[in-house]
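Asker: Pasting a structure here, questions to come.
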Amino acid sequence: MRVSVEEIIQRTIAKVNSELRKLSLAIHDNPEVALKEVKACKLLTDYLETKRYKVERNVGGLNTAFIASYTSPAGNKGLNIGFCSEYDALPHIGHGCGHNLIAVSGIAMLLAISEVLDKCSIPGTVKLFGTPAEEAIGGKIIMQQQGVFEGTDILMMVHPSQGYSGSWHSQCSLSMVVEYFGKASHAAMAPWEGINAGSAATIAMQTIGVLREQFKPEWRAHGIIAVGGQVANAIPDYSRIEYTVRAGNTDDLKIIRDRVLKCFKAAALVTGCTHKVKEEYAYLDNQDNPVLGRMYEGLMREMYNVPLFPNAGGSTDFGNLSHNYITLHGMYDLADTGVPNHSKQFTEDARTEAAHERTMFAAEAISRIAARCLVDQDFWDSVKRAYCNKLA
Ligand SMILES: [Zn+2]
Ligand SMILES: [Zn+2]
């Protein structure tokens, strides 16, 4: 009896379900922040090697990035399909974005499509990209700059959230570090001799707060005073702000960036401090391929009868890939509770059995989409057409 592609996918994922659950829990119990995901990376790559994958480590100059790949026995002439895993945690919050689940979803999809290539004798290659530092720095941006994704026809991943969506238009974001330099002095004996860098940081935050009145609804500006001073009885001669601005598109991001930079400058001017701004990583808005997105949403409705999730805020370094590749960033509901990502409750929810099962069915849906790209030429042509229309 001929087994369908859907059955191959479903059986392959079911077979490793409990192993992936163990991996996910091990990563959850040992949260590691951006570029420090050493144990998570080892757990994942060691596991992939037990499944006989060729694993390349230290990819793109990042020691916690990896690629695992498999080429069909029918040859590599067909599509080159890529999936992304993430595995970094948040400082103090742990896996409050559920990247332990994303980590194992990537393995599930890699295994499923390897099996499809194998069993159906379809030419092609499948790769899993281990992409560190999504929450800070943007590992995928660095990997993209290093040409790691070149030759890939399609890139897909899943992410836990508060609902299901195959059309998440995330925000562009830019992170900045601002330093103020003043002059220290005794805060009681000779405060007039000091130049207060802590005050500059406070004024900068307040000025942006006032500016906020004129923001468009999707604009965001948020940050912290990472260093406000050193001791209470001295005028602080140094302060540091870490700040992020976000907007719906790159043109708006430039407007909000320029205005915030003026706020930083104004705070220096009024206090007499000097200041230095370092612009760090910029995440672009995510643009899911509409044909892939519709199929994902259709599968979610058909398989699980779940409500779709209206677009909301947030950013991802996967957005940068969506500007150069055919992509899908499938969102799925973590816990039915509406609890937001980056909260302690989300961290707890990300280790439940139910969350793991939802991750597995999201991975199954994405695998079914990848398989359709491999076996249905008309479908793949329509995906490519949608991509070209976006570029036009
Ligand atoms: Zn995340
Ligand atoms: Zn996150």
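Letters A, B, ... go to the chains of the structure tokens in the order shown; residues in each chain start at 1; ligands are counted from 1 in the same order.
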Excluding stretch 302-311 of chain A and any residue of its chain fewer than 2 positions from it, enumerate the residues within 7 Å of it, using only C-alpha atoms, and give them as a VMD selection string.
Answerer: chain A and resid 163 to 165 168 to 169 298 to 300
Asker: Once you have the residues from the selection above, write them out as a short mmCIF file (atom, residue, chain, number, x, y, z; two decimals), in the first residue's frame, restricted to all heavy atoms.
Answerer:
```
data_model
loop_
_atom_site.label_atom_id
_atom_site.label_comp_id
_atom_site.auth_asym_id
_atom_site.auth_seq_id
_atom_site.Cartn_x
_atom_site.Cartn_y
_atom_site.Cartn_z
N GLY A 163 -1.85 32.95 19.35
CA GLY A 163 -2.84 32.56 18.37
C GLY A 163 -2.14 32.02 17.14
O GLY A 163 -0.93 31.82 17.16
N TYR A 164 -2.94 31.78 16.08
CA TYR A 164 -2.37 31.17 14.87
C TYR A 164 -2.37 32.18 13.74
O TYR A 164 -3.36 32.86 13.52
CB TYR A 164 -3.21 29.97 14.47
CG TYR A 164 -3.20 28.90 15.53
CD1 TYR A 164 -4.11 28.94 16.58
CD2 TYR A 164 -2.27 27.88 15.49
CE1 TYR A 164 -4.10 27.97 17.57
CE2 TYR A 164 -2.25 26.91 16.48
CZ TYR A 164 -3.16 26.97 17.51
OH TYR A 164 -3.15 26.02 18.49
N SER A 165 -1.25 32.29 13.03
CA SER A 165 -1.19 33.20 11.91
C SER A 165 -0.10 32.80 10.93
O SER A 165 0.98 32.37 11.35
CB SER A 165 -0.92 34.63 12.42
OG SER A 165 -0.59 35.48 11.35
N TRP A 168 2.15 37.14 9.72
CA TRP A 168 2.61 38.06 10.78
C TRP A 168 3.49 39.15 10.18
O TRP A 168 4.60 38.90 9.75
CB TRP A 168 3.39 37.29 11.84
CG TRP A 168 3.86 38.13 12.99
CD1 TRP A 168 3.14 39.08 13.66
CD2 TRP A 168 5.14 38.10 13.62
NE1 TRP A 168 3.89 39.64 14.66
CE2 TRP A 168 5.12 39.05 14.66
CE3 TRP A 168 6.30 37.35 13.42
CZ2 TRP A 168 6.22 39.28 15.49
CZ3 TRP A 168 7.40 37.58 14.24
CH2 TRP A 168 7.35 38.53 15.27
N HIS A 169 2.95 40.37 10.15
CA HIS A 169 3.76 41.48 9.67
C HIS A 169 4.40 42.14 10.89
O HIS A 169 3.82 43.01 11.52
CB HIS A 169 2.90 42.47 8.88
CG HIS A 169 3.72 43.56 8.26
ND1 HIS A 169 3.29 44.84 8.13
CD2 HIS A 169 4.97 43.54 7.74
CE1 HIS A 169 4.24 45.58 7.57
NE2 HIS A 169 5.26 44.81 7.33
N GLY A 298 -4.97 27.67 6.55
CA GLY A 298 -5.98 26.68 6.14
C GLY A 298 -5.78 25.36 6.89
O GLY A 298 -6.73 24.75 7.37
N LEU A 299 -4.53 24.93 6.98
CA LEU A 299 -4.23 23.67 7.68
C LEU A 299 -4.61 23.76 9.15
O LEU A 299 -5.13 22.83 9.75
CB LEU A 299 -2.75 23.33 7.56
CG LEU A 299 -2.30 22.73 6.24
CD1 LEU A 299 -0.78 22.61 6.20
CD2 LEU A 299 -2.94 21.35 6.03
N MET A 300 -4.32 24.91 9.73
CA MET A 300 -4.63 25.09 11.15
C MET A 300 -6.14 25.02 11.40
O MET A 300 -6.59 24.42 12.37
CB MET A 300 -4.08 26.44 11.64
CG MET A 300 -2.59 26.41 11.83
SD MET A 300 -2.14 25.13 13.02
CE MET A 300 -0.41 25.01 12.78
#
```
Asker: Each residue of chain A with at least one atom at most 9 Å from ligand 2 should appear once, together with its nearest atom pair and the corresponding distance in Å (one decimal); atoms considered: only C-alpha atoms and all ligand atoms; ordering: chain, then increasing residue number; output as a tab-separated table.
Answerer:
```
residue	atom	partner	partner_atom_place_in_ligand_line	distance
A:Ala89	CA	ligand 2	1 (Zn)	8.2
A:Leu90	CA	ligand 2	1 (Zn)	7.6
A:His95	CA	ligand 2	1 (Zn)	8.7
A:Gly96	CA	ligand 2	1 (Zn)	7.1
A:Cys97	CA	ligand 2	1 (Zn)	4.5
A:Gly98	CA	ligand 2	1 (Zn)	7.9
A:His99	CA	ligand 2	1 (Zn)	8.0
A:Glu134	CA	ligand 2	1 (Zn)	7.4
A:Glu135	CA	ligand 2	1 (Zn)	5.5
A:Gly314	CA	ligand 2	1 (Zn)	7.9
A:Ser315	CA	ligand 2	1 (Zn)	8.0
A:Thr316	CA	ligand 2	1 (Zn)	7.8
A:Asn341	CA	ligand 2	1 (Zn)	6.4
A:His342	CA	ligand 2	1 (Zn)	6.1
```
Asker: Rounded to one decimal place, report the atom CA of A:Leu25-atom CA of A:Ala371 distance in Å.
Answerer: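 Pair atom CA of A:Leu25 / atom CA of A:Ala371 returns 28.4 Å.
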Asker: Could you give me, as a PyMOL selection string, each residue of stretch 165-355 of chain A that DSSP assigns to strand (DSSP E) when run on this structure's backbone?
Answerer: chain A and resi 172-181+220-227+238-247+274-283+326-333
Asker: Taking C-alpha atoms for each residue, export the selection above as a short mmCIF file (atom, residue, chain, number, x, y, z; two decimals), in the first residue's frame.
Answerer:
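again00.cif written:
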```cif
data_model
loop_
_atom_site.label_atom_id
_atom_site.label_comp_id
_atom_site.auth_asym_id
_atom_site.auth_seq_id
_atom_site.Cartn_x
_atom_site.Cartn_y
_atom_site.Cartn_z
CA CYS A 172 11.12 46.84 12.02
CA SER A 173 13.26 47.60 15.03
CA LEU A 174 16.51 49.35 15.81
CA SER A 175 18.40 49.03 19.08
CA MET A 176 20.73 51.69 20.38
CA VAL A 177 23.12 52.19 23.27
CA VAL A 178 23.49 55.78 24.50
CA GLU A 179 26.23 56.86 26.89
CA TYR A 180 26.41 60.18 28.75
CA PHE A 181 29.67 61.52 30.14
CA ARG A 220 7.12 51.76 19.77
CA ALA A 221 9.91 53.29 21.83
CA HIS A 222 11.12 51.46 24.90
CA GLY A 223 14.27 51.19 26.89
CA ILE A 224 16.00 51.14 30.23
CA ILE A 225 18.54 53.21 32.11
CA ALA A 226 21.10 50.42 32.37
CA VAL A 227 23.51 52.58 34.39
CA TYR A 238 28.52 58.28 33.59
CA SER A 239 25.19 56.81 32.55
CA ARG A 240 24.01 54.40 29.89
CA ILE A 241 20.65 53.87 28.23
CA GLU A 242 19.69 50.84 26.17
CA TYR A 243 16.88 51.75 23.82
CA THR A 244 14.80 50.25 21.01
CA VAL A 245 12.51 51.94 18.51
CA ARG A 246 10.06 50.08 16.25
CA ALA A 247 7.80 50.94 13.34
CA THR A 274 28.78 64.86 26.19
CA HIS A 275 27.16 61.80 24.68
CA LYS A 276 27.81 58.92 22.33
CA VAL A 277 25.21 56.82 20.48
CA LYS A 278 25.91 53.37 19.11
CA GLU A 279 23.28 52.03 16.75
CA GLU A 280 23.15 48.26 16.98
CA TYR A 281 21.15 45.58 15.25
CA ALA A 282 18.25 46.49 12.94
CA TYR A 283 15.49 43.90 12.40
CA ILE A 326 10.58 32.96 0.09
CA THR A 327 9.61 32.60 3.74
CA LEU A 328 6.96 31.64 6.25
CA HIS A 329 7.07 32.42 9.99
CA GLY A 330 4.10 30.42 11.26
CA MET A 331 2.67 31.54 14.58
CA TYR A 332 0.83 29.12 16.85
CA ASP A 333 -0.96 29.46 20.16
#
```
Asker: Which residues are near stretch 47-56 of chain A? Cut-off 9 Å, only C-alpha atoms, ignore same chain within fewer than 3 positions. Put them as a list in words.
Answerer: Leu23, Lys42, Leu43, Leu44, Val59, Ala65, Phe66, Ile67, Ala68, Ser69, Tyr70, Ile107 and Leu111 of chain A
Asker: Would you export the selected residues with C-alpha atoms as a PDB file, in the first residue's frame, please?
Answerer:
```
ATOM      1  CA  LEU A  23      15.496  17.853  24.405  1.00  0.00           C
ATOM      2  CA  LYS A  42      25.513  20.820  21.860  1.00  0.00           C
ATOM      3  CA  LEU A  43      22.290  19.018  22.808  1.00  0.00           C
ATOM      4  CA  LEU A  44      20.748  19.708  19.410  1.00  0.00           C
ATOM      5  CA  VAL A  59      28.594  28.653  11.111  1.00  0.00           C
ATOM      6  CA  ALA A  65      25.196  28.436  15.059  1.00  0.00           C
ATOM      7  CA  PHE A  66      24.981  25.225  13.058  1.00  0.00           C
ATOM      8  CA  ILE A  67      23.644  23.614   9.904  1.00  0.00           C
ATOM      9  CA  ALA A  68      22.403  20.044   9.597  1.00  0.00           C
ATOM     10  CA  SER A  69      21.661  18.911   6.074  1.00  0.00           C
ATOM     11  CA  TYR A  70      20.382  15.961   4.104  1.00  0.00           C
ATOM     12  CA  ILE A 107      14.396  19.052  14.136  1.00  0.00           C
ATOM     13  CA  LEU A 111      13.395  14.721   9.960  1.00  0.00           C
TER      14      LEU A 111
END
```
Asker: May I ask which of the residues A:His323, A:Arg257, A:Arg372, A:His356 is the closest one to A:Ile122, counting only C-alpha atoms?
Answerer: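 Of all the options, A:Arg372 lies closest to A:Ile122.
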Asker: Return the single residue from A:Gln345, A:Gln145, A:Ser85, A:Asn233 that is closest to ligand 1, with distances computed using only C-alpha atoms and all ligand atoms.
Answerer: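 Ranking A:Gln345, A:Gln145, A:Ser85, A:Asn233 by distance to ligand 1, first place goes to A:Ser85.
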Asker: What separation in Å, quoted to one decimal, exists between atom CA of A:Phe149 and atom CA of A:Gly319?
Answerer: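 Taking atom CA of A:Phe149 and atom CA of A:Gly319, their separation equals 13.8 Å.
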Asker: So that I can check the surroundings of A:Arg385, please list as a ChimeraX atom specification every protein, DNA and RNA residue that reaches within 10 Å of it, counting only C-alpha atoms and ignoring chain neighbours fewer than 5 positions away.
Answerer: /A:289,291,379-380,390-391
Asker: Give me the residues near A:Gln162 as a PyMOL selection string, where near means some atom within 8 Å (using only C-alpha atoms) and where sequence neighbours in that chain fewer than 4 positions away do not count.
Answerer: chain A and resi 309+332-340
Asker: Export C-alpha atoms of the chosen residues as a PDB file, in the first residue's frame?
Answerer:
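Result file follows (part03.pdb):
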```
ATOM      1  CA  PHE A 309      -4.530  35.624  15.428  1.00  0.00           C
ATOM      2  CA  TYR A 332       0.828  29.117  16.846  1.00  0.00           C
ATOM      3  CA  ASP A 333      -0.958  29.457  20.162  1.00  0.00           C
ATOM      4  CA  LEU A 334       1.078  28.354  23.171  1.00  0.00           C
ATOM      5  CA  ALA A 335      -1.510  27.979  25.885  1.00  0.00           C
ATOM      6  CA  ASP A 336      -4.986  29.344  25.032  1.00  0.00           C
ATOM      7  CA  THR A 337      -4.628  31.875  27.826  1.00  0.00           C
ATOM      8  CA  GLY A 338      -3.557  35.017  25.968  1.00  0.00           C
ATOM      9  CA  VAL A 339      -0.454  35.258  28.143  1.00  0.00           C
ATOM     10  CA  PRO A 340       2.098  37.411  26.281  1.00  0.00           C
TER      11      PRO A 340
END
```
Asker: Would you mind telling me which residue in A:Pro160, A:Gly60, A:Pro217, A:Pro91 lies nearest to ligand 1 when using only C-alpha atoms and all ligand atoms?
Answerer: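 Ranked by minimum distance to ligand 1, first place goes to A:Pro160.
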Asker: Can you check which residues of stretch 8-178 of chain A DSSP gives as alpha helix (DSSP H) on the backbone and send them as number ranges by chain?
Answerer: A: 8-29, 38-50, 99-119, 139-145
Asker: Atom CA of A:Met156 to atom CA of A:Thr12: how many Å, to one decimal?
Answerer: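 Value for the atom CA of A:Met156-atom CA of A:Thr12 distance: 18.5 Å.
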Asker: Can you list, as a PyMOL selection string, every protein, DNA or RNA residue that comes within 12 Å of A:Val116 when you count only C-alpha atoms, leaving out same-chain residues fewer than 4 positions away?
Answerer: chain A and resi 3-13+70-74+109-112+120-126+367-368+370-375
Asker: For C-alpha atoms, I'd like the residues from the last selection saved as a PDB file, in the first residue's frame.
Answerer:
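After the write, out.pdb holds the following:
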```pdb
ATOM      1  CA  VAL A   3       1.760   5.718   2.003  1.00  0.00           C
ATOM      2  CA  SER A   4       0.810   9.370   1.546  1.00  0.00           C
ATOM      3  CA  VAL A   5       3.248  12.232   2.103  1.00  0.00           C
ATOM      4  CA  GLU A   6       1.062  13.420   4.981  1.00  0.00           C
ATOM      5  CA  GLU A   7       1.332  10.036   6.659  1.00  0.00           C
ATOM      6  CA  ILE A   8       5.104   9.948   6.241  1.00  0.00           C
ATOM      7  CA  ILE A   9       5.332  13.343   7.948  1.00  0.00           C
ATOM      8  CA  GLN A  10       2.932  12.459  10.728  1.00  0.00           C
ATOM      9  CA  ARG A  11       4.589   9.104  11.480  1.00  0.00           C
ATOM     10  CA  THR A  12       8.120  10.512  11.368  1.00  0.00           C
ATOM     11  CA  ILE A  13       7.315  13.232  13.885  1.00  0.00           C
ATOM     12  CA  TYR A  70      20.382  15.961   4.104  1.00  0.00           C
ATOM     13  CA  THR A  71      20.379  15.387   0.353  1.00  0.00           C
ATOM     14  CA  SER A  72      17.953  12.998  -1.281  1.00  0.00           C
ATOM     15  CA  PRO A  73      19.304   9.729  -2.691  1.00  0.00           C
ATOM     16  CA  ALA A  74      17.566  10.928  -5.885  1.00  0.00           C
ATOM     17  CA  MET A 109      10.592  19.422  10.255  1.00  0.00           C
ATOM     18  CA  LEU A 110      14.089  18.380   9.153  1.00  0.00           C
ATOM     19  CA  LEU A 111      13.395  14.721   9.960  1.00  0.00           C
ATOM     20  CA  ALA A 112       9.971  14.794   8.293  1.00  0.00           C
ATOM     21  CA  CYS A 120       9.281   9.358  -2.342  1.00  0.00           C
ATOM     22  CA  SER A 121      12.614   9.516  -4.215  1.00  0.00           C
ATOM     23  CA  ILE A 122      12.253  13.224  -4.833  1.00  0.00           C
ATOM     24  CA  PRO A 123      15.479  15.087  -5.658  1.00  0.00           C
ATOM     25  CA  GLY A 124      16.293  17.926  -3.291  1.00  0.00           C
ATOM     26  CA  THR A 125      18.058  19.031  -0.155  1.00  0.00           C
ATOM     27  CA  VAL A 126      16.758  19.912   3.291  1.00  0.00           C
ATOM     28  CA  SER A 367       6.304  20.068   6.878  1.00  0.00           C
ATOM     29  CA  ARG A 368       3.132  19.512   4.848  1.00  0.00           C
ATOM     30  CA  ALA A 370       7.298  22.070   2.407  1.00  0.00           C
ATOM     31  CA  ALA A 371       6.261  18.685   0.986  1.00  0.00           C
ATOM     32  CA  ARG A 372       3.666  20.329  -1.239  1.00  0.00           C
ATOM     33  CA  CYS A 373       6.349  22.665  -2.615  1.00  0.00           C
ATOM     34  CA  LEU A 374       8.342  19.534  -3.466  1.00  0.00           C
ATOM     35  CA  VAL A 375       5.575  17.524  -5.143  1.00  0.00           C
TER      36      VAL A 375
END
```
